Amino acid sequence: MADGPPSASPCQYGGRPPSAAGGGQVVPPAPPRPRAVAPPAPPCLCAPRGSGGRAAPRCAALRTWARRGAMVAALFCGALAALVLLGVRDVLFLYEENRCSMTYMYEYPEYLKIKLPKKIARRYPAYELYLYGEGNYAEENKNLLLTGIPVLFLPGNAGSYKQVRSLGSIALRKAEDVDFKYHFNFFSVNFNEELVALYGGSLQRQTKFVHECIKVILKLYRGREFAPTSVAIVGHSMGGLIARALLTLKNFKPELINLLITQATPHVAPVMPLDKYLTDFYTAVNNHWILKAQDLRNLTTLSVAGGFRDYQVRSGLAFLPRSSQHDSALSVVSSAVPRAWASTDHLSIVWCKELILATIRAFFDLIDENTRQITEDPKKRMSVLNHHFVRHPAKIFEENPEVFTELTGAFMWITVKASKWTYSVYNDSDGKYFTFPLASHRKSYSHVYCENSMLDTSSWIFGCMNNNSSMCLEATDLSWRAELLPTTKVVILKLQDYPSLSHIVIQVPPTVGNKYTLGCEFFKEGSRTVQLPVTHLFSFGLSSSKILLNSTGLLYNVQLQHFNQIYQAFKIYIESHCQSFEERKPSVYRLHIPWSHEDSVTVAKVPSSTEISAKLHIAQPKNDSRVPELNIYSSSDCQYEVVLKTSLLQVLGQIIRFHGGALPVYIVSNILLTYGGQLSTLISTGQCSDFSLELVRTAKPYKVEPLISIVVFLQGFNWFREIWESLSLPEVEAAVLSSQDAWFPLVSLILFLFGTGIAYWSGVFFSTSLRLFSSLWLTLMRPTVLQKDKLITPRRLCGVLSLAVLSWTTCGAVAVFIIYLQYLFKVIKLHVNVRAEQNMLTGDSDHSKETSQNSRIHTVKNQSLMDSISEATQSLPNSTTAEAVNSLKIHITILNLLTWIVLLNLPSLIYWLKNLRYNVRLDPDPCRSTAIIIICILEILMNSSALELKSSKLLKIAAKVPLPLSVAMLAFGRMHLYKVPHFVMFSLLLHVLCCIV
């Protein structure tokens, strides 16, 4: 037997010998006694500078290479983290300025609380129903003798019932304009500002409460003349989803609502799927709307998205499911809404004056004069919504406009035979009719384009069928074919569609103090349509596509070839040059996306240089071959140069916008691979590697991504899909996203690398924070002596039982957070003790080195003998400190994993704290059972050490499991973040078994 502990590698102790003596006396080293031959130490990879022995040059070289490798890894991960920050910056900060006007109340807003039946009030103590009012209107309605049209506003995630005031105030002003012939009563629900976008346990409860509110509202009108039988609903954010969920209730009558308008509501999927209740709720609602689409045709639904300013809910999520009936559902982006043309953020969409005005105008146009309520005709409802939200002809809505109209007035008739004509008028007291004969143009041209800068709602362009006279007494009103733009109204007519027309007539009414311009031109479609291929994604903005448009026309359509995917993003630069410096009307540039209502409009002075961002909210459907266009409504006698370049910054922004919610999955996957790598090095070398070095070594995308890609490819075959379904395995989420046109081949690789960069720097931040805490601890108090703790004690069993009871009776996330803090305290304490031991060893080693040098001068004559003594001295072990260092490295990695588990469970904790006054127990609790398992695991892990792992028979299995768990996490956790803790728990459970077995 050996007299001392077995020898170990100097790497374990910093390459320095342990303390030689306890006091200040110099004791010369004695000749080594005979001892058993110890197993060879692992090669020294971390011997400090100045350490003696023959291994010093080799260790110095290895140390240099390690330092260079760490520097390269830090630079690489730093570059990845920088790319993530650039993408986040593009999403959060680089968008168009807010062009919305604020809405103001003319009188002080008041919210009258509606008394609910006692049974409903007891069942839903946190919820309330209010009626909005102002001034005299509020006083008149205090007795609840209501005679208007009921509209119910549903706030969203953390939303307030007071957000109804913009709709209610403008509707009140509009009712005053019509002498209260029609008016609306706006109700609002108080959901206690619950975080329903992050916690789905209360969604069903909110839905049932809204159902009760609708019945209460309709009872208020009972016995009144023109009593309503349905309620219109406006839902902001998650409030729109609650409204759609009403139709999934068993006892809900669909005829109770006939109009639903949602504002920035994520209809397709939750923004952050943090619990099972949230995803199940979405699945139930969307499946019902898809399967029961025919039954929902009497319900007209409008979804308005906020555009790129809304970074909380991307507009692609706000589009209603495509398989729903298109004749009763409409989805638009606010940037495409006529008379608004502005992107809104998630909150401003409820007060944006331009958008609220469009909504209120639509409400009043929806009124049926016979019933004094919103019309029951679904076709009329869709016509009104299209009129105000899709294509506005600059005319007041008419359900059945007259086909023919009489051209009256003592106006001068002027015949124009030119193919291109412009006219400016100012203070002209005489009206005019300009007639354009079509017979001479039909053979040479295919279309006619006309524009008018007078933005009133009167008719201005007509079609005449009189072939023998230059005057026309009765004509077809073509003004309904026009379209309103910010500075002009335009109309494009295909001559082939109007074979019976002989003339086109432009009416110019008398003007007093007004100046406006008109213009018309005949053209061939091919001459005004040019194709501009977009640059490749990997051109990184170094190359460009360019086209020059001559000053011969008033309209150009630039087709953007191969622009159809969400990951594409471009900068379009339009520079206008004019031949003279006279004042001209501004140019209008519209980016038109034909497969969805997400156009964006830009107005620019002439001449000028304009920059336009081109990116998509929805990818092109597979059965759609239309091409996006840049419509240029130009100024005459000007030349336009269009340059298109790929924008790398906006490409990164699109990746973060569409897939940023999945980044936690990729980060945890990287950390889990690192954890498995540390266990592997513990098996092979007996030591645990540092987190950052092991992350760079083991977190490789080629270990994970190919297997997922192979499975997605094989799922395209029926035989494989049948086998997959027979095993009851869920569908790989990459395939689901691909079917939704929200996926492309390289995105998973990019997100994995992004996750690597974030995991690396989060690990650096974590280690730095622990060092700071331990330094503070060492400054304030004396560290304890390192000692081995028992895994299970009666005291710890009582602690586990207490936390389990706390989790079951209150909230699971509370217990998880408490056990996390205990674990953090243990790790900090271990870090303090390790640093104290290392500091002591460093001081003793320096003292020993000085002693060795003095004794060498006086007593030692044989240099070779001294070399052997030095090596033997460096190999003296301190196994307690070495194992503590290994344990600390593993605990830091586990703590990093636990941090993400706590963050993913944090929303339910916040929700519980916010509603604590109503209920001590969170019900339902998405992490109650998970919390109990985590408590049991962590109570054992926080007292475990690396020494127990080394001797375990299960360590090899535990080291190999993180890789398949990472693959499964990326395959099934992207759209279900709540599954991530389950994969981590399984790996930690094996760790616990290794400590026991």
# chains A, B, ... in the order shown; residues from 1 in each chain; ligands from 1
>>> residues_around(residues="segment 259-261 of chain A", least_positions_apart="6", cutoff="7 Å", atoms="only C-alpha atoms", output="ChimeraX atom specification")
/A:232-235,299-303
>>> write_last_selection(atoms="N, CA, C and O atoms", output="mmCIF file, in the first residue's frame")
data_model
loop_
_atom_site.group_PDB
_atom_site.id
_atom_site.type_symbol
_atom_site.label_atom_id
_atom_site.label_comp_id
_atom_site.auth_asym_id
_atom_site.auth_seq_id
_atom_site.Cartn_x
_atom_site.Cartn_y
_atom_site.Cartn_z
ATOM 1 N N ALA A 232 -71.654 43.409 -32.069
ATOM 2 C CA ALA A 232 -70.400 43.501 -32.817
ATOM 3 C C ALA A 232 -69.244 43.520 -31.822
ATOM 4 O O ALA A 232 -69.356 44.095 -30.728
ATOM 5 N N ILE A 233 -68.146 42.889 -32.190
ATOM 6 C CA ILE A 233 -66.996 42.782 -31.274
ATOM 7 C C ILE A 233 -65.761 43.359 -31.944
ATOM 8 O O ILE A 233 -65.484 43.094 -33.123
ATOM 9 N N VAL A 234 -65.015 44.148 -31.179
ATOM 10 C CA VAL A 234 -63.686 44.617 -31.576
ATOM 11 C C VAL A 234 -62.698 44.050 -30.561
ATOM 12 O O VAL A 234 -62.823 44.327 -29.358
ATOM 13 N N GLY A 235 -61.761 43.260 -31.017
ATOM 14 C CA GLY A 235 -60.807 42.635 -30.114
ATOM 15 C C GLY A 235 -59.387 43.045 -30.438
ATOM 16 O O GLY A 235 -58.946 42.931 -31.582
ATOM 17 N N LEU A 299 -70.880 35.105 -40.165
ATOM 18 C CA LEU A 299 -70.026 35.961 -39.344
ATOM 19 C C LEU A 299 -68.961 36.592 -40.239
ATOM 20 O O LEU A 299 -68.187 35.890 -40.885
ATOM 21 N N THR A 300 -68.940 37.899 -40.274
ATOM 22 C CA THR A 300 -67.939 38.620 -41.070
ATOM 23 C C THR A 300 -66.776 39.002 -40.161
ATOM 24 O O THR A 300 -66.981 39.628 -39.105
ATOM 25 N N THR A 301 -65.569 38.631 -40.569
ATOM 26 C CA THR A 301 -64.384 38.840 -39.737
ATOM 27 C C THR A 301 -63.363 39.669 -40.491
ATOM 28 O O THR A 301 -63.043 39.378 -41.647
ATOM 29 N N LEU A 302 -62.860 40.692 -39.833
ATOM 30 C CA LEU A 302 -61.787 41.528 -40.373
ATOM 31 C C LEU A 302 -60.625 41.508 -39.394
ATOM 32 O O LEU A 302 -60.793 41.793 -38.202
ATOM 33 N N SER A 303 -59.448 41.176 -39.905
ATOM 34 C CA SER A 303 -58.236 41.192 -39.086
ATOM 35 C C SER A 303 -57.304 42.271 -39.622
ATOM 36 O O SER A 303 -56.941 42.262 -40.797
#
>>> residues_around(residues="segment 825-831 of chain A", least_positions_apart="5", cutoff="12 Å", atoms="only C-alpha atoms", output="PyMOL selection string")
chain A and resi 766-778+781-789+818-820+836-838+880-881+883-896+938-945
>>> residues_around(residues="Leu682 of chain A", least_positions_apart="5", cutoff="12 Å", atoms="only C-alpha atoms", output="list of chain:residue names")
A:Tyr675, A:Gly676, A:Gly677, A:Gln687, A:Cys688, A:Ser689, A:Asp690, A:Glu694, A:Glu883, A:Asn886, A:Ser887, A:Lys889, A:Ile890, A:Ser945, A:Ala946, A:Leu947, A:Glu948, A:Leu949, A:Lys950, A:Ser951, A:Ser952, A:Leu955, A:Lys956, A:Ala958, A:Ala959
>>> closest_atom_pairs(of="segment 573-669 of chain A", to="segment 969-990 of chain A", cutoff="10 Å", atoms="only C-alpha atoms", output="tab-separated table")
residue	atom	partner	partner_atom	distance
A:His659	CA	A:Arg974	CA	8.8
A:Gly661	CA	A:Arg974	CA	8.0
A:Ala662	CA	A:Arg974	CA	5.1
A:Leu663	CA	A:Arg974	CA	8.3
A:Pro664	CA	A:Leu977	CA	7.9
A:Val665	CA	A:Arg974	CA	6.3
A:Tyr666	CA	A:Leu970	CA	7.0
A:Val668	CA	A:Val980	CA	7.9
A:Ser669	CA	A:Met969	CA	7.0
>>> write_last_selection(atoms="N, CA and C atoms", output="mmCIF file, in the first residue's frame")
data_model
loop_
_atom_site.group_PDB
_atom_site.id
_atom_site.type_symbol
_atom_site.label_atom_id
_atom_site.label_comp_id
_atom_site.auth_asym_id
_atom_site.auth_seq_id
_atom_site.Cartn_x
_atom_site.Cartn_y
_atom_site.Cartn_z
ATOM 1 N N HIS A 659 -38.399 33.846 -36.411
ATOM 2 C CA HIS A 659 -37.940 32.675 -35.659
ATOM 3 C C HIS A 659 -37.238 33.033 -34.360
ATOM 4 N N GLY A 661 -38.519 33.660 -31.568
ATOM 5 C CA GLY A 661 -39.144 32.965 -30.452
ATOM 6 C C GLY A 661 -38.607 31.566 -30.227
ATOM 7 N N ALA A 662 -37.950 30.984 -31.238
ATOM 8 C CA ALA A 662 -37.385 29.637 -31.102
ATOM 9 C C ALA A 662 -35.947 29.663 -30.605
ATOM 10 N N LEU A 663 -35.339 30.837 -30.455
ATOM 11 C CA LEU A 663 -33.945 30.910 -30.017
ATOM 12 C C LEU A 663 -33.698 30.229 -28.670
ATOM 13 N N PRO A 664 -34.603 30.334 -27.668
ATOM 14 C CA PRO A 664 -34.348 29.611 -26.411
ATOM 15 C C PRO A 664 -34.131 28.116 -26.614
ATOM 16 N N VAL A 665 -34.813 27.518 -27.579
ATOM 17 C CA VAL A 665 -34.638 26.088 -27.836
ATOM 18 C C VAL A 665 -33.221 25.815 -28.317
ATOM 19 N N TYR A 666 -32.718 26.653 -29.222
ATOM 20 C CA TYR A 666 -31.374 26.458 -29.750
ATOM 21 C C TYR A 666 -30.314 26.751 -28.695
ATOM 22 N N VAL A 668 -30.643 26.340 -25.357
ATOM 23 C CA VAL A 668 -30.646 25.212 -24.422
ATOM 24 C C VAL A 668 -30.047 23.974 -25.081
ATOM 25 N N SER A 669 -30.298 23.788 -26.371
ATOM 26 C CA SER A 669 -29.716 22.658 -27.084
ATOM 27 C C SER A 669 -28.189 22.727 -27.067
#
>>> select_by_dssp(residues="segment 133-370 of chain A", states="strand (DSSP E or B)", output="compact mmCIF listing (two decimals) with C-alpha atoms, in the first residue's frame")
# COMPACT_ATOMS: atom_id res chain seq x y z
CA GLY A 133 -69.44 57.50 -22.18
CA GLU A 134 -68.54 61.20 -22.27
CA ILE A 149 -76.06 49.57 -31.43
CA PRO A 150 -73.96 47.48 -29.01
CA VAL A 151 -70.25 47.03 -29.67
CA LEU A 152 -68.09 45.06 -27.24
CA PHE A 153 -64.36 45.82 -26.94
CA LEU A 154 -62.05 43.06 -25.69
CA PHE A 184 -73.29 53.06 -30.96
CA ASN A 185 -72.97 51.94 -27.34
CA PHE A 186 -69.42 50.82 -26.67
CA PHE A 187 -68.94 48.27 -23.90
CA SER A 188 -65.57 47.09 -22.61
CA VAL A 189 -64.44 44.11 -20.56
CA ASN A 190 -61.93 44.37 -17.73
CA ALA A 232 -70.40 43.50 -32.82
CA ILE A 233 -67.00 42.78 -31.27
CA VAL A 234 -63.69 44.62 -31.58
CA GLY A 235 -60.81 42.63 -30.11
CA HIS A 236 -57.28 43.92 -29.60
CA LEU A 259 -69.27 41.21 -37.04
CA LEU A 260 -65.79 40.73 -35.59
CA ILE A 261 -62.91 43.16 -36.06
CA THR A 262 -59.54 42.18 -34.59
CA GLN A 263 -56.56 44.48 -34.12
CA THR A 300 -67.94 38.62 -41.07
CA THR A 301 -64.38 38.84 -39.74
CA LEU A 302 -61.79 41.53 -40.37
CA SER A 303 -58.24 41.19 -39.09
CA VAL A 304 -56.02 44.29 -39.12
CA ALA A 305 -52.27 43.80 -38.57
CA ALA A 329 -63.05 36.82 -43.80
CA LEU A 330 -60.59 39.58 -44.65
CA SER A 331 -57.01 40.19 -43.46
CA VAL A 332 -55.14 43.45 -44.08
CA VAL A 333 -52.04 45.27 -42.86
CA ILE A 367 -76.12 50.11 -40.46
CA ASP A 368 -79.37 48.86 -41.97
>>> residues_around(residues="Ser101 of chain A", least_positions_apart="6", cutoff="7 Å", atoms="only C-alpha atoms", output="number ranges by chain")
A: 352-354
>>> atom_distance(atom1="atom CA of Tyr702 of chain A", atom2="atom CA of Val747 of chain A")
13.9 Å
>>> select_by_dssp(residues="segment 377-571 of chain A", states="alpha helix (DSSP H)", output="list of chain:residue names")
A:Pro378, A:Lys379, A:Lys380, A:Arg381, A:Met382, A:Ser383, A:Val384, A:Leu385, A:Asn386, A:His387, A:His388, A:Phe389
>>> atom_distance(atom1="atom CA of Val732 of chain A", atom2="atom CA of Gln715 of chain A")
8.8 Å
>>> decode(residues="segment 206-219 of chain A", atoms="all heavy atoms", output="PDB file, in the first residue's frame")
ATOM      1  N   GLN A 206     -61.811  33.430 -19.673  1.00  0.00           N
ATOM      2  CA  GLN A 206     -62.159  34.703 -20.289  1.00  0.00           C
ATOM      3  C   GLN A 206     -63.214  34.530 -21.368  1.00  0.00           C
ATOM      4  O   GLN A 206     -64.133  35.350 -21.504  1.00  0.00           O
ATOM      5  CB  GLN A 206     -60.906  35.356 -20.878  1.00  0.00           C
ATOM      6  CG  GLN A 206     -59.956  35.927 -19.853  1.00  0.00           C
ATOM      7  CD  GLN A 206     -58.863  36.762 -20.484  1.00  0.00           C
ATOM      8  OE1 GLN A 206     -58.831  36.962 -21.698  1.00  0.00           O
ATOM      9  NE2 GLN A 206     -57.949  37.263 -19.666  1.00  0.00           N
ATOM     10  N   THR A 207     -63.096  33.465 -22.151  1.00  0.00           N
ATOM     11  CA  THR A 207     -64.071  33.210 -23.221  1.00  0.00           C
ATOM     12  C   THR A 207     -65.471  33.018 -22.649  1.00  0.00           C
ATOM     13  O   THR A 207     -66.455  33.588 -23.149  1.00  0.00           O
ATOM     14  CB  THR A 207     -63.651  31.973 -24.026  1.00  0.00           C
ATOM     15  OG1 THR A 207     -62.322  32.144 -24.520  1.00  0.00           O
ATOM     16  CG2 THR A 207     -64.585  31.750 -25.199  1.00  0.00           C
ATOM     17  N   LYS A 208     -65.581  32.249 -21.590  1.00  0.00           N
ATOM     18  CA  LYS A 208     -66.887  32.005 -20.980  1.00  0.00           C
ATOM     19  C   LYS A 208     -67.449  33.285 -20.371  1.00  0.00           C
ATOM     20  O   LYS A 208     -68.666  33.522 -20.415  1.00  0.00           O
ATOM     21  CB  LYS A 208     -66.776  30.905 -19.921  1.00  0.00           C
ATOM     22  CG  LYS A 208     -66.452  29.532 -20.505  1.00  0.00           C
ATOM     23  CD  LYS A 208     -66.307  28.486 -19.417  1.00  0.00           C
ATOM     24  CE  LYS A 208     -65.991  27.120 -20.020  1.00  0.00           C
ATOM     25  NZ  LYS A 208     -65.810  26.076 -18.973  1.00  0.00           N
ATOM     26  N   PHE A 209     -66.579  34.133 -19.805  1.00  0.00           N
ATOM     27  CA  PHE A 209     -67.055  35.395 -19.238  1.00  0.00           C
ATOM     28  C   PHE A 209     -67.590  36.317 -20.329  1.00  0.00           C
ATOM     29  O   PHE A 209     -68.616  36.990 -20.136  1.00  0.00           O
ATOM     30  CB  PHE A 209     -65.927  36.080 -18.460  1.00  0.00           C
ATOM     31  CG  PHE A 209     -66.320  37.399 -17.879  1.00  0.00           C
ATOM     32  CD1 PHE A 209     -67.142  37.460 -16.769  1.00  0.00           C
ATOM     33  CD2 PHE A 209     -65.874  38.591 -18.439  1.00  0.00           C
ATOM     34  CE1 PHE A 209     -67.524  38.679 -16.223  1.00  0.00           C
ATOM     35  CE2 PHE A 209     -66.249  39.814 -17.909  1.00  0.00           C
ATOM     36  CZ  PHE A 209     -67.071  39.859 -16.795  1.00  0.00           C
ATOM     37  N   VAL A 210     -66.925  36.363 -21.474  1.00  0.00           N
ATOM     38  CA  VAL A 210     -67.400  37.193 -22.587  1.00  0.00           C
ATOM     39  C   VAL A 210     -68.769  36.712 -23.053  1.00  0.00           C
ATOM     40  O   VAL A 210     -69.649  37.522 -23.386  1.00  0.00           O
ATOM     41  CB  VAL A 210     -66.381  37.192 -23.740  1.00  0.00           C
ATOM     42  CG1 VAL A 210     -66.955  37.876 -24.973  1.00  0.00           C
ATOM     43  CG2 VAL A 210     -65.097  37.886 -23.312  1.00  0.00           C
ATOM     44  N   HIS A 211     -68.962  35.407 -23.074  1.00  0.00           N
ATOM     45  CA  HIS A 211     -70.274  34.864 -23.442  1.00  0.00           C
ATOM     46  C   HIS A 211     -71.356  35.388 -22.492  1.00  0.00           C
ATOM     47  O   HIS A 211     -72.442  35.824 -22.929  1.00  0.00           O
ATOM     48  CB  HIS A 211     -70.230  33.339 -23.415  1.00  0.00           C
ATOM     49  CG  HIS A 211     -71.495  32.699 -23.854  1.00  0.00           C
ATOM     50  ND1 HIS A 211     -71.825  31.397 -23.550  1.00  0.00           N
ATOM     51  CD2 HIS A 211     -72.555  33.184 -24.564  1.00  0.00           C
ATOM     52  CE1 HIS A 211     -73.012  31.113 -24.048  1.00  0.00           C
ATOM     53  NE2 HIS A 211     -73.477  32.170 -24.668  1.00  0.00           N
ATOM     54  N   GLU A 212     -71.050  35.387 -21.191  1.00  0.00           N
ATOM     55  CA  GLU A 212     -72.015  35.905 -20.220  1.00  0.00           C
ATOM     56  C   GLU A 212     -72.242  37.397 -20.419  1.00  0.00           C
ATOM     57  O   GLU A 212     -73.370  37.893 -20.270  1.00  0.00           O
ATOM     58  CB  GLU A 212     -71.525  35.623 -18.795  1.00  0.00           C
ATOM     59  CG  GLU A 212     -71.353  34.153 -18.458  1.00  0.00           C
ATOM     60  CD  GLU A 212     -72.669  33.394 -18.473  1.00  0.00           C
ATOM     61  OE1 GLU A 212     -73.726  34.037 -18.304  1.00  0.00           O
ATOM     62  OE2 GLU A 212     -72.643  32.159 -18.666  1.00  0.00           O
ATOM     63  N   CYS A 213     -71.176  38.129 -20.770  1.00  0.00           N
ATOM     64  CA  CYS A 213     -71.312  39.573 -20.987  1.00  0.00           C
ATOM     65  C   CYS A 213     -72.222  39.870 -22.179  1.00  0.00           C
ATOM     66  O   CYS A 213     -73.024  40.820 -22.140  1.00  0.00           O
ATOM     67  CB  CYS A 213     -69.935  40.195 -21.220  1.00  0.00           C
ATOM     68  SG  CYS A 213     -68.931  40.315 -19.731  1.00  0.00           S
ATOM     69  N   ILE A 214     -72.099  39.084 -23.233  1.00  0.00           N
ATOM     70  CA  ILE A 214     -72.956  39.298 -24.404  1.00  0.00           C
ATOM     71  C   ILE A 214     -74.424  39.126 -24.041  1.00  0.00           C
ATOM     72  O   ILE A 214     -75.287  39.921 -24.433  1.00  0.00           O
ATOM     73  CB  ILE A 214     -72.547  38.329 -25.541  1.00  0.00           C
ATOM     74  CG1 ILE A 214     -71.163  38.706 -26.082  1.00  0.00           C
ATOM     75  CG2 ILE A 214     -73.576  38.347 -26.663  1.00  0.00           C
ATOM     76  CD1 ILE A 214     -70.628  37.736 -27.104  1.00  0.00           C
ATOM     77  N   LYS A 215     -74.714  38.109 -23.239  1.00  0.00           N
ATOM     78  CA  LYS A 215     -76.102  37.892 -22.825  1.00  0.00           C
ATOM     79  C   LYS A 215     -76.599  39.029 -21.926  1.00  0.00           C
ATOM     80  O   LYS A 215     -77.750  39.465 -22.047  1.00  0.00           O
ATOM     81  CB  LYS A 215     -76.218  36.538 -22.110  1.00  0.00           C
ATOM     82  CG  LYS A 215     -75.999  35.355 -23.052  1.00  0.00           C
ATOM     83  CD  LYS A 215     -76.316  34.034 -22.397  1.00  0.00           C
ATOM     84  CE  LYS A 215     -75.276  33.630 -21.386  1.00  0.00           C
ATOM     85  NZ  LYS A 215     -75.496  32.260 -20.850  1.00  0.00           N
ATOM     86  N   VAL A 216     -75.710  39.540 -21.069  1.00  0.00           N
ATOM     87  CA  VAL A 216     -76.091  40.664 -20.209  1.00  0.00           C
ATOM     88  C   VAL A 216     -76.342  41.918 -21.040  1.00  0.00           C
ATOM     89  O   VAL A 216     -77.305  42.658 -20.811  1.00  0.00           O
ATOM     90  CB  VAL A 216     -75.001  40.910 -19.145  1.00  0.00           C
ATOM     91  CG1 VAL A 216     -75.253  42.226 -18.413  1.00  0.00           C
ATOM     92  CG2 VAL A 216     -74.952  39.759 -18.147  1.00  0.00           C
ATOM     93  N   ILE A 217     -75.499  42.173 -22.027  1.00  0.00           N
ATOM     94  CA  ILE A 217     -75.638  43.363 -22.880  1.00  0.00           C
ATOM     95  C   ILE A 217     -76.953  43.317 -23.638  1.00  0.00           C
ATOM     96  O   ILE A 217     -77.700  44.316 -23.700  1.00  0.00           O
ATOM     97  CB  ILE A 217     -74.435  43.467 -23.841  1.00  0.00           C
ATOM     98  CG1 ILE A 217     -73.167  43.825 -23.067  1.00  0.00           C
ATOM     99  CG2 ILE A 217     -74.705  44.512 -24.927  1.00  0.00           C
ATOM    100  CD1 ILE A 217     -71.904  43.742 -23.896  1.00  0.00           C
ATOM    101  N   LEU A 218     -77.280  42.194 -24.226  1.00  0.00           N
ATOM    102  CA  LEU A 218     -78.517  42.098 -25.002  1.00  0.00           C
ATOM    103  C   LEU A 218     -79.754  42.242 -24.116  1.00  0.00           C
ATOM    104  O   LEU A 218     -80.792  42.754 -24.560  1.00  0.00           O
ATOM    105  CB  LEU A 218     -78.544  40.772 -25.760  1.00  0.00           C
ATOM    106  CG  LEU A 218     -77.500  40.632 -26.895  1.00  0.00           C
ATOM    107  CD1 LEU A 218     -77.594  39.252 -27.541  1.00  0.00           C
ATOM    108  CD2 LEU A 218     -77.708  41.714 -27.941  1.00  0.00           C
ATOM    109  N   LYS A 219     -79.653  41.835 -22.841  1.00  0.00           N
ATOM    110  CA  LYS A 219     -80.779  42.005 -21.922  1.00  0.00           C
ATOM    111  C   LYS A 219     -81.055  43.472 -21.636  1.00  0.00           C
ATOM    112  O   LYS A 219     -82.190  43.859 -21.334  1.00  0.00           O
ATOM    113  CB  LYS A 219     -80.508  41.264 -20.610  1.00  0.00           C
ATOM    114  CG  LYS A 219     -80.675  39.760 -20.708  1.00  0.00           C
ATOM    115  CD  LYS A 219     -80.430  39.099 -19.360  1.00  0.00           C
ATOM    116  CE  LYS A 219     -80.578  37.579 -19.457  1.00  0.00           C
ATOM    117  NZ  LYS A 219     -80.315  36.929 -18.139  1.00  0.00           N
TER     118      LYS A 219
END
